[in-house]
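See below for the structure under consideration.
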Amino acid sequence: MSPRKAAAQRDGQSLHDLLIETAEKMIATHGTTGLTVRAIARAAGVADGVLYNHFSDKEELLARALLEYVRTTEAELGELPVAGEGTLDGNLRRHLEFGLALHRVLVPAFGGLVGRPSVLARFAEISERSGYWRDRLVAYLREERALGRLAPESEVDAAAAVLVGFCHESVMGAVFPHTGPLDPPSPESVVKTVLHGIAP
């Protein structure tokens, strides 16, 4: 006799995937603050204990749902520039647009887990660093340098840190009042500073 199918389960969908999908939707709708395994199980239409048949613990379920949320968010934000195409100015502005949009979605989600370091630690274990926007930005800058569109001595890691830092500061100030500048610089001015520096 086959196990009973959960009400929310699609044909061919495993309970493992159903639980991750349900948790991801809950993160997108309500955030991560106060998100519990019991609430996820109820939304999925399964008993609380079912998750332990598919995950080592509740931290793994939450971390995998958060990872899918990150992947879904990045996919919805569209493509990033290709090195050697377009202008450096336009390409970096596109990277900043992507980074700002990504941070606006993800900072609240990760912020809701500040008091749950075990979930964040599990997320770090299972996530693939090569997919992170910051790493893609660094790879893009290195390719532009190799193509000669950036100076050979360009410190691309430092440039990426400035761009990522701008996104952090801008979004943190909006999500958590009094943590960011009252009058943040524009993305255009940040790109100009990265490309041309501040020395005369």
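Residues are referred to by chain and number: the chain letter is A, B, ... according to the order shown in the structure tokens, the number counts from 1 in that chain, and ligands are numbered separately from 1 in the order shown.
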Could you build a table of the residues in region 64-116 of chain A lying no more than 8 Å from region 32-53 of chain A, giving for each the nearest pair of atoms and their separation in Å rounded to one decimal place, using only C-alpha atoms, ordered by chain and ascending residue number, as a Markdown table?
```
| residue | atom | partner | partner_atom | distance |
| --- | --- | --- | --- | --- |
| A:Ala109 | CA | A:Thr32 | CA | 5.5 |
| A:Phe110 | CA | A:Thr32 | CA | 7.4 |
| A:Gly112 | CA | A:Thr33 | CA | 4.4 |
| A:Leu113 | CA | A:Thr32 | CA | 6.4 |
```
Per residue of region 144-173 of chain A within 10 Å of region 93-99 of chain A, which atom pair is closest and at what distance in Å (one decimal), using only C-alpha atoms, listed by chain and increasing number, as a tab-separated table?
```
residue	atom	partner	partner_atom	distance
A:Leu163	CA	A:Leu96	CA	6.8
A:Val164	CA	A:Gly99	CA	7.2
A:Phe166	CA	A:Leu96	CA	8.5
A:Cys167	CA	A:Gly99	CA	6.2
A:His168	CA	A:Gly99	CA	8.8
A:Val171	CA	A:Gly99	CA	9.9
```
**OP:** Within 12 Å of region 85-87 of chain A, counting only C-alpha atoms, which residues show up once you throw out same-chain ones fewer than 4 positions away? Write them as a list in words, please.
**Re:**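 Listed by chain and then number, they are Leu80, Pro81, Asn91, Leu92, Arg93, Arg94, Tyr140, Glu143, Glu144, Leu147, Arg149, Leu150, Val191 and Leu195 of chain A.
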**OP:** Identify, with DSSP run on backbone atoms, the residues in region 76-164 of chain A assigned to helix (DSSP H, G or I), and express the list as a ChimeraX atom specification.
**Re:** /A:76,88-111,117-126,129-131,133-146,156-164
Subject >> Spatial neighbours of Leu77 (chain A), 8 Å, only C-alpha atoms, chain gap at least 3 places, as a PyMOL selection string >> reply: chain A and resi 73-74+98+101-102
Could you dump the residues just selected with N, CA and C atoms as a tab-separated table (two decimals), in the first residue's frame?
```
chain	number	residue	atom	x	y	z
A	73	THR	N	14.98	34.05	-6.31
A	73	THR	CA	15.09	35.50	-6.37
A	73	THR	C	16.10	35.92	-7.44
A	74	GLU	N	17.26	35.28	-7.47
A	74	GLU	CA	18.28	35.63	-8.45
A	74	GLU	C	17.78	35.34	-9.88
A	98	PHE	N	21.04	44.93	-9.88
A	98	PHE	CA	20.81	43.53	-9.50
A	98	PHE	C	21.08	43.36	-8.01
A	101	ALA	N	18.42	45.10	-5.76
A	101	ALA	CA	17.16	44.35	-5.77
A	101	ALA	C	17.30	43.06	-4.97
A	102	LEU	N	18.42	42.39	-5.12
A	102	LEU	CA	18.67	41.14	-4.39
A	102	LEU	C	18.71	41.39	-2.89
```
Subject >> Neighbour list for Lys25 (chain A) as JSON, numbers by chain, cut-off 10 Å, only C-alpha atoms, skip fewer than 3 positions in-chain >> reply: {"A": [19, 20, 21, 22, 28, 29, 30, 31, 40, 43, 65, 66, 68, 69]}
**OP:** Rank A:Ser118, A:Thr72, A:Thr193, A:Ser170 by their smallest atom-to-atom distance to Glu59 (chain A), using only C-alpha atoms, and report the top residue only.
**Re:** A:Ser118
Original post:
At what distance in Å, to one decimal, does CA of Ile126 (chain A) lie from CA of Glu60 (chain A)?
Top reply: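 Between CA of Glu60 (chain A) and CA of Ile126 (chain A) the gap is 8.8 Å.
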**OP:** Would you mind reading off the distance between CA of His103 (chain A) and CA of Gly173 (chain A), one decimal, in Å?
**Re:**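 We find that CA of His103 (chain A) and CA of Gly173 (chain A) lie 11.4 Å from each other.
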Subject >> Exercise: Ala158 (chain A) partners within 12 Å, only C-alpha atoms, chain neighbours under 6 positions left out, as a list in words >> reply: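 Neighbouring residues, sequence-local ones excluded: Arg134, Leu137, Val138, Leu141, Arg142, Val164, Gly165, Val194, Leu195 and Gly197 of chain A.
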**OP:** Using only C-alpha atoms, find the one residue out of A:Ile27, A:Leu88, A:Leu61, A:Ala75 that sits nearest to Gly148 (chain A).
**Re:**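 For Gly148 (chain A), the nearest of the candidates is A:Leu88.
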